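Notes to accompany the following structure.
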Amino acid sequence: MLQVCVIEADGIGHEVVPAAVRVLRVVAPDVEIQTAEAGWDTFKRLGTPLPDETLQMAKACGAVIFGAAASPSYPVDGYYVPIVRLRRELATYASLRPTRYLPVPTAREGVNLIVVRENTEDLYVQHEHTEDDGQTGISEKRITAVASERVARRAYELARRNGREKVTIVHKASVLVQSDGLFRRVALEIADHYPEIKTEEMLVDTAAYWLVKDPLRFDVILAPNMYGDILSDMAAAWGGGLGLAPSLNIGDGVAIAEPVHGCAPDIAGLGIANPTAMILSIAMLLRHHWLRPEVAFAIETAVRDVLYSGAYTRDIASVNAVSTEEFTNRVCDRVRELV
Ligand code: GGG
């Protein structure tokens, strides 16, 4: 029996997750759904952003659907970013973040790239402190050979299995010779095992420049955690916007489906959030984790068809926009015709 732990978390997580779960129920009624909580509101009630029961349930289910968590941009005693912790606790060491053209006016035709983001370390270990009476802030940037190797292997395996031609290794080893230098060296060693795939390396600032100027030159982008976080948001702009950008966190066991976007407090509760990123993240879960590519394809086709029909949420078109619910109704109707 397949099980999934559903965590809406905060903000529009309460809207896009139920919408996407409706689609999941259509294509995979056999999947047993458990619910759990995490995030800022959870922290305010329980004093922890990721309760132990949530973590245990996520591990027991082996698959997670996570919405989006709010995190304050100032220190709060006892608070940490729950999705960052969850990825690490579940050893989902790679985040797959595809950007593929969708039929919306905001997307760039022909774009088809995937960011493979390291998911467990870098500055996101959140080892931070202040010195000098609070006048100096210090963060540890941690890069290990083990984590670099496993994410690089994932990126190259993904490239090989999907017939992709090129991997771009992104770093800033010209300045951070010990940390990014290690990531670069290990990634290039892994690249040697995949001679049929072209490898290029690029400084992160150059990669940002080329992503803005010519996204079609990228195929697979392999990056440490923070650069992957930033570059995947940039890439999402070419896919039509963050509302359309899915991701899947994977390791050797559990997987977490998660939209790239955050909890969007400015539109939370209005019923206008775009559920596409969450729906397509579930399609990734079905394809890569539950090995059901045909239903994943049905979801992707349904989303594409609904967008092609001109049904857009407010992030895509301000005139005649459809609500989260209406968009989801149309995807569910179309997917029923396809499965
Ligand atoms: N669904 C993505 C989400 O919850 N974003 C908020 C966040 O804290 N992200 C940190 C990260 O992606 O590393």
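Every chain in the structure tokens takes a letter, A first, then B, and so on in the order presented; its residues are numbered from 1, and the ligands are numbered from 1 following the presented order.
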Original post:
What's the 10 Å shell around A:Lys166, counting only C-alpha atoms, without same-chain residues fewer than 3 positions away, as a PyMOL selection string?
Top reply: chain A and resi 156+159-160+163+169+196-200+217-221
Give me the chain A side of the contact with ligand 1, cut-off 7 Å, one line per residue showing its nearest atom pair and distance in Å at one decimal, counting only C-alpha atoms and all ligand atoms, sorted by chain and residue number, as a Markdown table.
| residue | atom | partner | partner_atom_place_in_ligand_line | distance |
| --- | --- | --- | --- | --- |
| A:Phe66 | CA | ligand 1 | 1 (N) | 6.7 |
| A:Gly67 | CA | ligand 1 | 1 (N) | 5.4 |
| A:Ala68 | CA | ligand 1 | 4 (O) | 3.3 |
| A:Ala69 | CA | ligand 1 | 4 (O) | 4.2 |
| A:Ala70 | CA | ligand 1 | 6 (C) | 6.2 |
| A:Ser71 | CA | ligand 1 | 8 (O) | 5.9 |
| A:Val81 | CA | ligand 1 | 8 (O) | 5.5 |
| A:Ile83 | CA | ligand 1 | 4 (O) | 5.9 |
| A:Val84 | CA | ligand 1 | 13 (O) | 5.4 |
| A:Asp229 | CA | ligand 1 | 12 (O) | 6.1 |
| A:Glu258 | CA | ligand 1 | 1 (N) | 5.2 |
| A:Pro259 | CA | ligand 1 | 1 (N) | 4.8 |
| A:Val260 | CA | ligand 1 | 2 (C) | 5.0 |
| A:His261 | CA | ligand 1 | 2 (C) | 5.0 |
| A:Gly262 | CA | ligand 1 | 5 (N) | 4.0 |
| A:Cys263 | CA | ligand 1 | 4 (O) | 6.4 |
Subject >> Selection: 9 Å around A:Val23, only C-alpha atoms, excl. self and same-chain fewer than 6 positions, as a PyMOL selection string >> reply: chain A and resi 279+282+299+328-329+331-332+335
**OP:** Name all residues at most 9 Å from A:Ala273 (count only C-alpha atoms; drop same-chain ones fewer than 4 positions away) and give them as an MDAnalysis selection string.
**Re:** chainID A and resid 12 15:16 243 264 267:269 313:315 323:324
Subject >> Expected answer as a VMD selection string: strand (DSSP E or B) residues in stretch 119-275 of chain A >> reply: chain A and resid 122 128 to 131 136 to 139 142 166 to 171 198 to 203 220 to 223 248 to 250 255 to 257
Original post:
Counting only C-alpha atoms, which of A:Ala245, A:Val254, A:Val64, A:Ala235 gets nearest to A:Ala94?
Top reply: A:Val254
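Remark: for A:Val6, the closest of the candidate residues A:Lys213, A:Val170, A:Ala28, A:Gly62 is A:Gly62 (distances computed over only C-alpha atoms).
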**OP:** Give me the residues within 6 Å of A:His171 as a VMD selection string, counting only C-alpha atoms and dropping any in the same chain fewer than 3 places off.
**Re:** chain A and resid 180 203 to 204
Counting only C-alpha atoms, what are the residues of stretch 231-295 of chain A within 12 Å of stretch 47-60 of chain A, and for each of them which pair of atoms is the nearest and at what distance in Å, to one decimal? Sort the table by chain and rising number, as a Markdown table.
| residue | atom | partner | partner_atom | distance |
| --- | --- | --- | --- | --- |
| A:Gly253 | CA | A:Lys59 | CA | 9.1 |
| A:Val254 | CA | A:Lys59 | CA | 7.0 |
| A:Ala255 | CA | A:Ala58 | CA | 9.4 |
| A:Ile256 | CA | A:Ala58 | CA | 9.1 |
| A:Ala257 | CA | A:Ala58 | CA | 11.9 |
Writer output for current selection, C-alpha atoms, as a compact mmCIF listing (two decimals), in the first residue's frame:
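Okay, this is what ended up in result-v7.txt:
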# COMPACT_ATOMS: atom_id res chain seq x y z
CA GLY A 253 14.53 6.22 0.19
CA VAL A 254 11.94 8.91 0.88
CA ALA A 255 10.89 11.58 -1.65
CA ILE A 256 9.34 15.02 -1.04
CA ALA A 257 7.19 16.69 -3.68
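Residue nearest A:Leu123 within the list A:Asp205, A:Glu140, A:Glu149, A:Glu300: A:Glu140 [criterion: smallest interatomic distance, only C-alpha atoms].
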Subject >> Test item, helix (DSSP H, G or I) assignment across stretch 61-296 of chain A, answer as a ChimeraX atom specification >> reply: /A:61,82-89,123-125,145-161,179-191,204-213,215-217,225-238,242-244,276-289,293-296
**OP:** Can you pull out every residue within 10 Å of A:Ala155, counting only C-alpha atoms, but drop anything in the same chain fewer than 3 positions away, and send it as a VMD selection string?
**Re:** chain A and resid 94 to 96 114 to 118 149 to 152 158 to 160 167 to 169 187 190 to 191 220 to 223
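Compared by their closest atoms to A:Ala283, and using only C-alpha atoms, the residues A:Leu270, A:Leu2, A:Val76, A:Val303 rank with A:Val303 nearest.
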Original post:
With only C-alpha atoms as the basis for distance, which of A:Gln34, A:Thr136, A:Thr99, A:Asn119 is at the shortest distance from A:Ala277?
Top reply: A:Thr99
Original post:
Do you know which residues are at most 7 Å from A:Arg142 counting only C-alpha atoms, after dropping those on the same chain fewer than 6 positions away, and could you put them as a ChimeraX atom specification?
Top reply: /A:121-123,179
